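Dumped input_20.pdb below, it's PDB, C-alpha atoms and all ligand atoms:
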```pdb
ATOM      1  CA  MET Q   1       0.000   0.000   0.000  1.00  0.00           C
ATOM      2  CA  ASN Q   2       1.444   3.423  -0.900  1.00  0.00           C
ATOM      3  CA  GLU Q   3       1.643   6.432   1.460  1.00  0.00           C
ATOM      4  CA  LYS Q   4      -1.420   8.167   0.007  1.00  0.00           C
ATOM      5  CA  GLN Q   5      -3.489   5.025   0.356  1.00  0.00           C
ATOM      6  CA  LEU Q   6      -2.313   4.446   3.949  1.00  0.00           C
ATOM      7  CA  ALA Q   7      -3.354   7.963   4.984  1.00  0.00           C
ATOM      8  CA  ALA Q   8      -6.635   7.706   3.078  1.00  0.00           C
ATOM      9  CA  GLU Q   9      -7.649   4.393   4.626  1.00  0.00           C
ATOM     10  CA  ARG Q  10      -6.953   5.649   8.155  1.00  0.00           C
ATOM     11  CA  SER Q  11      -9.018   8.796   7.605  1.00  0.00           C
ATOM     12  CA  VAL Q  12     -12.306   6.993   7.095  1.00  0.00           C
ATOM     13  CA  ASP Q  13     -12.152   5.769  10.723  1.00  0.00           C
ATOM     14  CA  PHE Q  14     -13.160   9.323  11.676  1.00  0.00           C
ATOM     15  CA  ILE Q  15     -16.404   9.122   9.708  1.00  0.00           C
ATOM     16  CA  LYS Q  16     -19.344   8.069  11.864  1.00  0.00           C
ATOM     17  CA  ASP Q  17     -23.004   7.215  11.259  1.00  0.00           C
ATOM     18  CA  GLY Q  18     -25.207  10.231  10.634  1.00  0.00           C
ATOM     19  CA  MET Q  19     -22.405  12.564   9.570  1.00  0.00           C
ATOM     20  CA  THR Q  20     -22.478  14.911   6.610  1.00  0.00           C
ATOM     21  CA  VAL Q  21     -19.019  14.583   5.085  1.00  0.00           C
ATOM     22  CA  GLY Q  22     -17.163  16.875   2.678  1.00  0.00           C
ATOM     23  CA  LEU Q  23     -15.215  14.957   0.035  1.00  0.00           C
ATOM     24  CA  GLY Q  24     -12.096  16.720  -1.286  1.00  0.00           C
ATOM     25  CA  THR Q  25     -10.478  16.186  -4.649  1.00  0.00           C
ATOM     26  CA  GLY Q  26      -7.364  14.446  -5.925  1.00  0.00           C
ATOM     27  CA  SER Q  27      -5.622  11.100  -6.092  1.00  0.00           C
ATOM     28  CA  THR Q  28      -5.361  10.707  -2.299  1.00  0.00           C
ATOM     29  CA  VAL Q  29      -9.053  11.511  -1.882  1.00  0.00           C
ATOM     30  CA  ASN Q  30      -9.850   8.926  -4.553  1.00  0.00           C
ATOM     31  CA  TYR Q  31      -8.325   6.253  -2.306  1.00  0.00           C
ATOM     32  CA  MET Q  32     -10.411   7.626   0.569  1.00  0.00           C
ATOM     33  CA  ILE Q  33     -13.582   7.397  -1.536  1.00  0.00           C
ATOM     34  CA  ASP Q  34     -12.792   3.743  -2.316  1.00  0.00           C
ATOM     35  CA  ALA Q  35     -12.376   2.992   1.393  1.00  0.00           C
ATOM     36  CA  LEU Q  36     -15.512   4.937   2.285  1.00  0.00           C
ATOM     37  CA  ALA Q  37     -17.535   3.104  -0.345  1.00  0.00           C
ATOM     38  CA  GLN Q  38     -16.595  -0.180   1.345  1.00  0.00           C
ATOM     39  CA  LYS Q  39     -17.877   1.130   4.690  1.00  0.00           C
ATOM     40  CA  VAL Q  40     -21.101   2.358   3.088  1.00  0.00           C
ATOM     41  CA  LYS Q  41     -21.634  -1.068   1.528  1.00  0.00           C
ATOM     42  CA  LYS Q  42     -21.260  -2.539   5.032  1.00  0.00           C
ATOM     43  CA  GLY Q  43     -23.982  -0.232   6.394  1.00  0.00           C
ATOM     44  CA  LEU Q  44     -22.411   3.135   7.296  1.00  0.00           C
ATOM     45  CA  LYS Q  45     -25.125   5.795   6.961  1.00  0.00           C
ATOM     46  CA  ILE Q  46     -23.764   9.157   5.794  1.00  0.00           C
ATOM     47  CA  LYS Q  47     -24.467  12.002   3.448  1.00  0.00           C
ATOM     48  CA  THR Q  48     -21.662  13.658   1.487  1.00  0.00           C
ATOM     49  CA  VAL Q  49     -20.979  16.791  -0.542  1.00  0.00           C
ATOM     50  CA  ALA Q  50     -18.375  16.863  -3.314  1.00  0.00           C
ATOM     51  CA  THR Q  51     -15.756  19.529  -4.071  1.00  0.00           C
ATOM     52  CA  SER Q  52     -15.506  18.775  -7.796  1.00  0.00           C
ATOM     53  CA  LYS Q  53     -17.289  17.086 -10.669  1.00  0.00           C
ATOM     54  CA  LEU Q  54     -14.652  14.331 -10.653  1.00  0.00           C
ATOM     55  CA  THR Q  55     -15.201  13.592  -6.971  1.00  0.00           C
ATOM     56  CA  PHE Q  56     -18.969  13.710  -7.439  1.00  0.00           C
ATOM     57  CA  GLN Q  57     -18.777  11.164 -10.257  1.00  0.00           C
ATOM     58  CA  LEU Q  58     -16.436   8.811  -8.427  1.00  0.00           C
ATOM     59  CA  ALA Q  59     -18.359   8.921  -5.142  1.00  0.00           C
ATOM     60  CA  ALA Q  60     -21.811   8.598  -6.709  1.00  0.00           C
ATOM     61  CA  SER Q  61     -20.721   5.736  -8.957  1.00  0.00           C
ATOM     62  CA  SER Q  62     -19.238   3.988  -5.900  1.00  0.00           C
ATOM     63  CA  GLY Q  63     -22.628   3.964  -4.165  1.00  0.00           C
ATOM     64  CA  ILE Q  64     -22.023   6.910  -1.803  1.00  0.00           C
ATOM     65  CA  ASP Q  65     -24.920   9.327  -1.230  1.00  0.00           C
ATOM     66  CA  VAL Q  66     -23.721  12.675  -2.635  1.00  0.00           C
ATOM     67  CA  VAL Q  67     -26.049  15.646  -2.254  1.00  0.00           C
ATOM     68  CA  ASP Q  68     -25.960  19.206  -3.524  1.00  0.00           C
ATOM     69  CA  LEU Q  69     -24.206  21.614  -1.167  1.00  0.00           C
ATOM     70  CA  GLU Q  70     -27.324  23.795  -1.171  1.00  0.00           C
ATOM     71  CA  LEU Q  71     -29.260  20.944   0.486  1.00  0.00           C
ATOM     72  CA  VAL Q  72     -27.127  20.633   3.623  1.00  0.00           C
ATOM     73  CA  ASP Q  73     -27.255  22.826   6.685  1.00  0.00           C
ATOM     74  CA  ARG Q  74     -23.976  21.606   8.146  1.00  0.00           C
ATOM     75  CA  ILE Q  75     -20.856  19.663   7.242  1.00  0.00           C
ATOM     76  CA  ASP Q  76     -19.444  17.691  10.160  1.00  0.00           C
ATOM     77  CA  LEU Q  77     -16.113  16.682   8.679  1.00  0.00           C
ATOM     78  CA  THR Q  78     -14.269  17.235   5.417  1.00  0.00           C
ATOM     79  CA  ILE Q  79     -11.433  15.000   4.252  1.00  0.00           C
ATOM     80  CA  ASP Q  80      -9.173  16.399   1.551  1.00  0.00           C
ATOM     81  CA  GLY Q  81      -5.649  16.194   0.185  1.00  0.00           C
ATOM     82  CA  ALA Q  82      -3.056  18.976  -0.003  1.00  0.00           C
ATOM     83  CA  ASP Q  83      -0.068  19.927  -2.130  1.00  0.00           C
ATOM     84  CA  GLU Q  84       2.070  21.296   0.716  1.00  0.00           C
ATOM     85  CA  VAL Q  85       1.612  21.427   4.487  1.00  0.00           C
ATOM     86  CA  ASP Q  86       3.777  23.470   6.880  1.00  0.00           C
ATOM     87  CA  PRO Q  87       4.366  22.774  10.602  1.00  0.00           C
ATOM     88  CA  GLN Q  88       1.467  25.105  11.579  1.00  0.00           C
ATOM     89  CA  LEU Q  89      -0.825  23.036   9.299  1.00  0.00           C
ATOM     90  CA  ASN Q  90      -1.183  25.842   6.784  1.00  0.00           C
ATOM     91  CA  GLY Q  91      -1.347  24.456   3.285  1.00  0.00           C
ATOM     92  CA  ILE Q  92      -1.291  24.991  -0.439  1.00  0.00           C
ATOM     93  CA  LYS Q  93      -4.128  23.346  -2.320  1.00  0.00           C
ATOM     94  CA  GLY Q  94      -5.418  23.469  -5.860  1.00  0.00           C
ATOM     95  CA  GLY Q  95      -2.919  21.313  -7.713  1.00  0.00           C
ATOM     96  CA  GLY Q  96      -6.013  19.366  -8.727  1.00  0.00           C
ATOM     97  CA  ALA Q  97      -7.764  22.626  -9.676  1.00  0.00           C
ATOM     98  CA  ALA Q  98     -10.593  22.351  -7.140  1.00  0.00           C
ATOM     99  CA  LEU Q  99      -9.444  25.029  -4.672  1.00  0.00           C
ATOM    100  CA  LEU Q 100     -12.531  27.232  -4.841  1.00  0.00           C
ATOM    101  CA  TYR Q 101     -15.072  24.551  -4.047  1.00  0.00           C
ATOM    102  CA  GLU Q 102     -12.623  22.951  -1.623  1.00  0.00           C
ATOM    103  CA  LYS Q 103     -12.316  26.192   0.307  1.00  0.00           C
ATOM    104  CA  ILE Q 104     -16.078  26.760   0.391  1.00  0.00           C
ATOM    105  CA  VAL Q 105     -16.661  23.252   1.741  1.00  0.00           C
ATOM    106  CA  ALA Q 106     -13.698  23.375   4.163  1.00  0.00           C
ATOM    107  CA  SER Q 107     -14.654  26.719   5.636  1.00  0.00           C
ATOM    108  CA  ASN Q 108     -18.193  25.442   6.242  1.00  0.00           C
ATOM    109  CA  SER Q 109     -16.991  22.226   7.918  1.00  0.00           C
ATOM    110  CA  ALA Q 110     -16.832  21.812  11.672  1.00  0.00           C
ATOM    111  CA  LYS Q 111     -13.602  19.817  11.247  1.00  0.00           C
ATOM    112  CA  ASN Q 112     -11.103  19.312   8.443  1.00  0.00           C
ATOM    113  CA  ILE Q 113      -8.716  16.401   8.007  1.00  0.00           C
ATOM    114  CA  TRP Q 114      -6.040  16.418   5.310  1.00  0.00           C
ATOM    115  CA  ILE Q 115      -4.532  13.195   4.000  1.00  0.00           C
ATOM    116  CA  VAL Q 116      -1.067  13.403   2.453  1.00  0.00           C
ATOM    117  CA  ASP Q 117       2.015  11.435   1.586  1.00  0.00           C
ATOM    118  CA  SER Q 118       5.235  12.416   3.345  1.00  0.00           C
ATOM    119  CA  SER Q 119       6.525  14.445   0.374  1.00  0.00           C
ATOM    120  CA  LYS Q 120       3.856  17.074   1.084  1.00  0.00           C
ATOM    121  CA  LEU Q 121       5.321  18.125   4.446  1.00  0.00           C
ATOM    122  CA  VAL Q 122       7.494  21.249   4.112  1.00  0.00           C
ATOM    123  CA  LYS Q 123       9.142  23.696   6.511  1.00  0.00           C
ATOM    124  CA  LYS Q 124       7.837  26.659   4.528  1.00  0.00           C
ATOM    125  CA  LEU Q 125       5.108  26.888   1.886  1.00  0.00           C
ATOM    126  CA  GLY Q 126       5.806  28.089  -1.639  1.00  0.00           C
ATOM    127  CA  ARG Q 127       7.906  25.603  -3.559  1.00  0.00           C
ATOM    128  CA  PHE Q 128       4.686  24.195  -5.026  1.00  0.00           C
ATOM    129  CA  PRO Q 129       3.220  26.741  -7.485  1.00  0.00           C
ATOM    130  CA  LEU Q 130       0.438  28.629  -5.717  1.00  0.00           C
ATOM    131  CA  PRO Q 131      -2.858  28.380  -7.639  1.00  0.00           C
ATOM    132  CA  VAL Q 132      -4.973  31.517  -7.895  1.00  0.00           C
ATOM    133  CA  GLU Q 133      -8.468  31.176  -9.396  1.00  0.00           C
ATOM    134  CA  VAL Q 134      -9.453  34.210 -11.473  1.00  0.00           C
ATOM    135  CA  ILE Q 135     -12.342  35.220 -13.686  1.00  0.00           C
ATOM    136  CA  PRO Q 136     -11.384  35.154 -17.373  1.00  0.00           C
ATOM    137  CA  TYR Q 137     -12.313  38.828 -17.872  1.00  0.00           C
ATOM    138  CA  GLY Q 138      -9.155  40.893 -17.412  1.00  0.00           C
ATOM    139  CA  SER Q 139      -7.004  37.888 -16.569  1.00  0.00           C
ATOM    140  CA  ASN Q 140      -4.179  38.942 -18.950  1.00  0.00           C
ATOM    141  CA  LEU Q 141      -3.989  42.210 -17.022  1.00  0.00           C
ATOM    142  CA  LEU Q 142      -3.733  40.259 -13.787  1.00  0.00           C
ATOM    143  CA  ILE Q 143      -0.838  38.276 -15.254  1.00  0.00           C
ATOM    144  CA  SER Q 144       0.932  41.575 -16.043  1.00  0.00           C
ATOM    145  CA  LYS Q 145       0.347  42.861 -12.521  1.00  0.00           C
ATOM    146  CA  PHE Q 146       1.649  39.642 -10.983  1.00  0.00           C
ATOM    147  CA  GLU Q 147       4.689  39.773 -13.291  1.00  0.00           C
ATOM    148  CA  LYS Q 148       5.477  43.281 -12.067  1.00  0.00           C
ATOM    149  CA  LYS Q 149       5.297  41.984  -8.497  1.00  0.00           C
ATOM    150  CA  LYS Q 150       7.746  39.182  -9.478  1.00  0.00           C
ATOM    151  CA  PHE Q 151       5.218  36.475  -8.586  1.00  0.00           C
ATOM    152  CA  LYS Q 152       6.247  34.576 -11.765  1.00  0.00           C
ATOM    153  CA  PRO Q 153       2.675  33.856 -12.891  1.00  0.00           C
ATOM    154  CA  ALA Q 154       1.609  31.356 -15.540  1.00  0.00           C
ATOM    155  CA  PHE Q 155      -1.846  30.391 -16.768  1.00  0.00           C
ATOM    156  CA  ARG Q 156      -2.582  26.731 -16.095  1.00  0.00           C
ATOM    157  CA  LYS Q 157      -3.024  25.076 -19.491  1.00  0.00           C
ATOM    158  CA  PHE Q 158      -4.984  22.087 -20.737  1.00  0.00           C
ATOM    159  CA  GLU Q 159      -4.464  20.846 -24.287  1.00  0.00           C
ATOM    160  CA  GLY Q 160      -2.985  24.197 -25.301  1.00  0.00           C
ATOM    161  CA  ASN Q 161      -5.796  26.347 -23.885  1.00  0.00           C
ATOM    162  CA  ASN Q 162      -6.297  27.974 -20.521  1.00  0.00           C
ATOM    163  CA  PHE Q 163      -7.606  25.388 -18.070  1.00  0.00           C
ATOM    164  CA  ILE Q 164     -11.212  26.046 -17.017  1.00  0.00           C
ATOM    165  CA  THR Q 165     -12.257  25.150 -13.474  1.00  0.00           C
ATOM    166  CA  ASP Q 166     -15.591  23.629 -12.415  1.00  0.00           C
ATOM    167  CA  GLY Q 167     -16.646  27.183 -11.535  1.00  0.00           C
ATOM    168  CA  GLY Q 168     -15.847  28.427 -15.073  1.00  0.00           C
ATOM    169  CA  HIS Q 169     -12.707  30.341 -14.118  1.00  0.00           C
ATOM    170  CA  PHE Q 170      -9.020  30.312 -15.121  1.00  0.00           C
ATOM    171  CA  LEU Q 171      -6.105  29.342 -12.875  1.00  0.00           C
ATOM    172  CA  ILE Q 172      -2.902  31.348 -12.580  1.00  0.00           C
ATOM    173  CA  ASP Q 173      -0.055  29.479 -10.856  1.00  0.00           C
ATOM    174  CA  LEU Q 174       2.458  31.675  -9.006  1.00  0.00           C
ATOM    175  CA  ASN Q 175       6.026  30.379  -8.831  1.00  0.00           C
ATOM    176  CA  LEU Q 176       7.089  32.008  -5.586  1.00  0.00           C
ATOM    177  CA  GLU Q 177       9.554  29.512  -4.066  1.00  0.00           C
ATOM    178  CA  LYS Q 178       8.606  30.676  -0.538  1.00  0.00           C
ATOM    179  CA  ILE Q 179       5.689  32.304   1.221  1.00  0.00           C
ATOM    180  CA  ASP Q 180       6.635  33.965   4.509  1.00  0.00           C
ATOM    181  CA  ASP Q 181       3.146  34.947   5.677  1.00  0.00           C
ATOM    182  CA  PRO Q 182       0.468  32.638   4.209  1.00  0.00           C
ATOM    183  CA  LYS Q 183      -2.554  34.448   5.716  1.00  0.00           C
ATOM    184  CA  GLY Q 184      -1.213  37.907   4.856  1.00  0.00           C
ATOM    185  CA  PHE Q 185      -0.342  36.869   1.299  1.00  0.00           C
ATOM    186  CA  GLU Q 186      -3.781  35.328   0.797  1.00  0.00           C
ATOM    187  CA  GLU Q 187      -5.351  38.608   1.911  1.00  0.00           C
ATOM    188  CA  GLU Q 188      -3.042  40.597  -0.388  1.00  0.00           C
ATOM    189  CA  LEU Q 189      -3.908  38.481  -3.437  1.00  0.00           C
ATOM    190  CA  LYS Q 190      -7.624  38.855  -2.736  1.00  0.00           C
ATOM    191  CA  THR Q 191      -7.345  42.629  -3.088  1.00  0.00           C
ATOM    192  CA  TYR Q 192      -6.793  42.232  -6.870  1.00  0.00           C
ATOM    193  CA  PRO Q 193     -10.147  42.572  -8.659  1.00  0.00           C
ATOM    194  CA  GLY Q 194     -10.789  39.397 -10.637  1.00  0.00           C
ATOM    195  CA  VAL Q 195      -9.200  37.074  -8.087  1.00  0.00           C
ATOM    196  CA  VAL Q 196     -11.885  34.650  -6.954  1.00  0.00           C
ATOM    197  CA  GLU Q 197      -9.914  32.446  -4.573  1.00  0.00           C
ATOM    198  CA  VAL Q 198      -6.368  31.625  -3.554  1.00  0.00           C
ATOM    199  CA  GLY Q 199      -4.957  28.156  -2.895  1.00  0.00           C
ATOM    200  CA  LEU Q 200      -3.592  29.154   0.492  1.00  0.00           C
ATOM    201  CA  PHE Q 201      -5.470  27.377   3.273  1.00  0.00           C
ATOM    202  CA  ALA Q 202      -4.279  28.950   6.522  1.00  0.00           C
ATOM    203  CA  GLY Q 203      -5.673  27.740   9.839  1.00  0.00           C
ATOM    204  CA  ILE Q 204      -8.158  25.378   8.191  1.00  0.00           C
ATOM    205  CA  ALA Q 205      -6.805  21.861   8.810  1.00  0.00           C
ATOM    206  CA  ASP Q 206      -7.517  20.404  12.253  1.00  0.00           C
ATOM    207  CA  MET Q 207      -5.649  17.162  11.615  1.00  0.00           C
ATOM    208  CA  VAL Q 208      -3.192  15.936   9.020  1.00  0.00           C
ATOM    209  CA  ILE Q 209      -2.785  12.204   8.435  1.00  0.00           C
ATOM    210  CA  VAL Q 210       0.572  11.517   6.829  1.00  0.00           C
ATOM    211  CA  GLY Q 211       1.579   8.287   5.137  1.00  0.00           C
ATOM    212  CA  GLU Q 212       5.273   7.725   5.931  1.00  0.00           C
ATOM    213  CA  GLY Q 213       6.802   4.602   4.477  1.00  0.00           C
ATOM    214  CA  LYS Q 214       4.646   1.793   5.788  1.00  0.00           C
ATOM    215  CA  GLU Q 215       3.351   3.822   8.767  1.00  0.00           C
ATOM    216  CA  ILE Q 216       0.985   6.695   9.346  1.00  0.00           C
ATOM    217  CA  ARG Q 217       1.592   9.764  11.496  1.00  0.00           C
ATOM    218  CA  ILE Q 218      -1.253  11.880  12.824  1.00  0.00           C
ATOM    219  CA  ILE Q 219      -0.679  15.578  13.474  1.00  0.00           C
ATOM    220  CA  ASP Q 220      -3.665  16.523  15.577  1.00  0.00           C
ATOM    221  CA  ARG Q 221      -5.213  19.910  16.233  1.00  0.00           C
ATOM    222  CA  MET Q 222      -8.711  18.462  16.662  1.00  0.00           C
ATOM    223  CA  ASP Q 223      -8.946  20.251  20.008  1.00  0.00           C
ATOM    224  CA  ARG Q 224      -9.251  23.551  18.129  1.00  0.00           C
ATOM    225  CA  PRO Q 225     -12.746  25.004  18.589  1.00  0.00           C
ATOM    226  CA  ALA Q 226     -15.098  23.757  15.870  1.00  0.00           C
ATOM    227  CA  LYS Q 227     -15.650  26.300  13.109  1.00  0.00           C
ATOM    228  CA  LYS Q 228     -19.448  25.887  13.096  1.00  0.00           C
TER     229      LYS Q 228
HETATM  230  C1  LIG B 301      -7.130  19.584  -5.513  1.00  0.00           C
HETATM  231  C2  LIG B 301      -6.200  19.567  -4.366  1.00  0.00           C
HETATM  232  C3  LIG B 301      -5.606  18.248  -3.993  1.00  0.00           C
HETATM  233  O1  LIG B 301      -6.049  17.937  -2.729  1.00  0.00           O
HETATM  234  C4  LIG B 301      -4.122  18.334  -4.023  1.00  0.00           C
HETATM  235  O2  LIG B 301      -3.739  18.756  -5.317  1.00  0.00           O
HETATM  236  C5  LIG B 301      -3.467  17.007  -3.686  1.00  0.00           C
HETATM  237  O3  LIG B 301      -3.695  16.097  -4.711  1.00  0.00           O
HETATM  238  P1  LIG B 301      -3.177  14.596  -4.664  1.00  0.00           P
HETATM  239  O4  LIG B 301      -3.927  13.933  -3.568  1.00  0.00           O
HETATM  240  O5  LIG B 301      -3.536  14.062  -6.027  1.00  0.00           O
HETATM  241  O6  LIG B 301      -1.696  14.621  -4.434  1.00  0.00           O
HETATM  242  O7  LIG B 301      -5.929  20.555  -3.721  1.00  0.00           O
HETATM  243  O8  LIG B 301      -7.525  20.903  -5.818  1.00  0.00           O
END
```
Have the structure of the file written as structure tokens, please.
Ligand code: 5RP
Amino acid sequence: MNEKQLAAERSVDFIKDGMTVGLGTGSTVNYMIDALAQKVKKGLKIKTVATSKLTFQLAASSGIDVVDLELVDRIDLTIDGADEVDPQLNGIKGGGAALLYEKIVASNSAKNIWIVDSSKLVKKLGRFPLPVEVIPYGSNLLISKFEKKKFKPAFRKFEGNNFITDGGHFLIDLNLEKIDDPKGFEEELKTYPGVVEVGLFAGIADMVIVGEGKEIRIIDRMDRPAKK
């Protein structure tokens, strides 16, 4: 079993009968959905919301009850992956392009667990290109502004065209190398008109489950007050 799978399989132990569960996006989450589907087949009663079309399709086709976000009044727990995690459990997300919906679901979840392989743990965020979701209108001008700020921006591409997110937006990846103040930088980026969301998730994860070799390590902040 690889590190992603180890972390994913452990995470489903935190899902209990009656919960409404947020399902993240990405290859690690896909392992989690497989494990969750097994528990549902054995009788676990849950409702879920998905953070992307891909996750929706995988979960629904695996027999998991996935409902529209508009139909839930609470999310008890969200399980998601991450691209980088620092020692304070701040993270970069959006490598899988789902950062906007992931942040909406995460920030409406009482608790958030991230599942990662050991390569995702870093001392400082920023080596992984930081995804910024922007509306298409005026996005070339945003690229110019980010270039002037030396953020080294690049449109995310798919088959030669700008990648389009589930929300109908473009992604600009910033090649920063390091981010000294994740929360402050997120706030700064959100002051640019046209920026919809930033892949910096500061103070959101309550627990990180890390696959390390053949073991798992749990970094626990579950004693933080619940967000909702
Ligand atoms: C999607 C994400 C993913 O959680 C992140 O990219 C990690 O992906 P993977 O589990 O495939 O390594 O943020 O927007």
Notebook entry, point to check: Can you tell me, as a list in words, what residues are no more than 6 Å from stretch 64-79 of chain Q when counting only C-alpha atoms, ignoring any on the same chain fewer than 6 positions away?
Noted result: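 The neighbour list is Met19, Thr20, Val21, Gly22, Leu23, Gly24, Lys47, Thr48, Val49, Ser109, Ala110, Lys111, Asn112, Ile113 and Trp114 of chain Q.
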Margin query: Around ligand LIG 301 (chain B), out to 8 Å and counting all atoms listed in the file, which residues are there? I want them as a VMD selection string.
Written below: chain Q and resid 4 24 to 30 80 to 83 92 to 99 102 115 to 117 199
Next item on the list: Name the residues captured by the PyMOL selection byres (((chain Q and resi 132) around 9) and not hetatm) when it is applied to the shown file; answer as a VMD selection string.
Entry: chain Q and resid 94 99 130 to 131 133 to 134 170 to 174 189 195 to 200
If you take every atom of stretch 111-118 of chain Q that the file lists and fit an axis-aligned box around them with 3 Å extra on each side, what centre and edge lengths come out in Å to one decimal, as lines of an AutoDock Vina configuration file?
```
center_x = -4.2
center_y = 15.6
center_z = 6.4
size_x = 24.8
size_y = 14.4
size_z = 15.7
```
Note to self: Can you spell out as a list in words the set of residues that the PyMOL selection byres (((chain Q and resi 143) around 10) and not hetatm) selects in the structure I just provided?
What the structure shows: Gly138, Ser139, Asn140, Leu141, Leu142, Ser144, Lys145, Phe146, Glu147, Lys148, Lys149, Phe151, Lys152, Pro153, Ala154, Phe155, Ile172, Asp173 and Leu174 of chain Q
How would stretch 60-77 of chain Q read, as a short mmCIF file (atom, residue, chain, number, x, y, z; two decimals), in the coordinates of the input, once N, CA and C atoms are built in?
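Saved to selection-v5.cif:
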```cif
data_model
loop_
_atom_site.label_atom_id
_atom_site.label_comp_id
_atom_site.auth_asym_id
_atom_site.auth_seq_id
_atom_site.Cartn_x
_atom_site.Cartn_y
_atom_site.Cartn_z
N ALA Q 60 -20.45 9.05 -6.37
CA ALA Q 60 -21.81 8.60 -6.71
C ALA Q 60 -21.76 7.23 -7.38
N SER Q 61 -20.78 7.03 -8.26
CA SER Q 61 -20.72 5.74 -8.96
C SER Q 61 -20.22 4.62 -8.03
N SER Q 62 -19.68 5.01 -6.87
CA SER Q 62 -19.24 3.99 -5.90
C SER Q 62 -20.33 3.68 -4.88
N GLY Q 63 -21.50 4.28 -5.06
CA GLY Q 63 -22.63 3.96 -4.16
C GLY Q 63 -22.72 4.87 -2.94
N ILE Q 64 -21.98 5.98 -2.94
CA ILE Q 64 -22.02 6.91 -1.80
C ILE Q 64 -23.10 7.96 -2.10
N ASP Q 65 -23.87 8.31 -1.07
CA ASP Q 65 -24.92 9.33 -1.23
C ASP Q 65 -24.26 10.71 -1.30
N VAL Q 66 -24.31 11.33 -2.48
CA VAL Q 66 -23.72 12.68 -2.64
C VAL Q 66 -24.86 13.65 -2.90
N VAL Q 67 -24.95 14.68 -2.08
CA VAL Q 67 -26.05 15.65 -2.25
C VAL Q 67 -25.48 17.00 -2.62
N ASP Q 68 -26.35 17.85 -3.15
CA ASP Q 68 -25.96 19.21 -3.52
C ASP Q 68 -25.63 20.00 -2.25
N LEU Q 69 -24.61 20.82 -2.34
CA LEU Q 69 -24.21 21.61 -1.17
C LEU Q 69 -25.36 22.48 -0.66
N GLU Q 70 -26.20 22.93 -1.58
CA GLU Q 70 -27.32 23.80 -1.17
C GLU Q 70 -28.33 23.05 -0.28
N LEU Q 71 -28.26 21.72 -0.26
CA LEU Q 71 -29.26 20.94 0.49
C LEU Q 71 -28.79 20.56 1.89
N VAL Q 72 -27.59 20.99 2.27
CA VAL Q 72 -27.13 20.63 3.62
C VAL Q 72 -27.06 21.89 4.50
N ASP Q 73 -27.33 21.67 5.78
CA ASP Q 73 -27.26 22.83 6.68
C ASP Q 73 -26.00 22.78 7.55
N ARG Q 74 -25.25 21.68 7.42
CA ARG Q 74 -23.98 21.61 8.15
C ARG Q 74 -23.09 20.55 7.49
N ILE Q 75 -21.80 20.71 7.67
CA ILE Q 75 -20.86 19.66 7.24
C ILE Q 75 -20.05 19.33 8.50
N ASP Q 76 -20.11 18.06 8.90
CA ASP Q 76 -19.44 17.69 10.16
C ASP Q 76 -17.94 17.55 9.99
N LEU Q 77 -17.54 16.99 8.88
CA LEU Q 77 -16.11 16.68 8.68
C LEU Q 77 -15.82 16.67 7.19
#
```
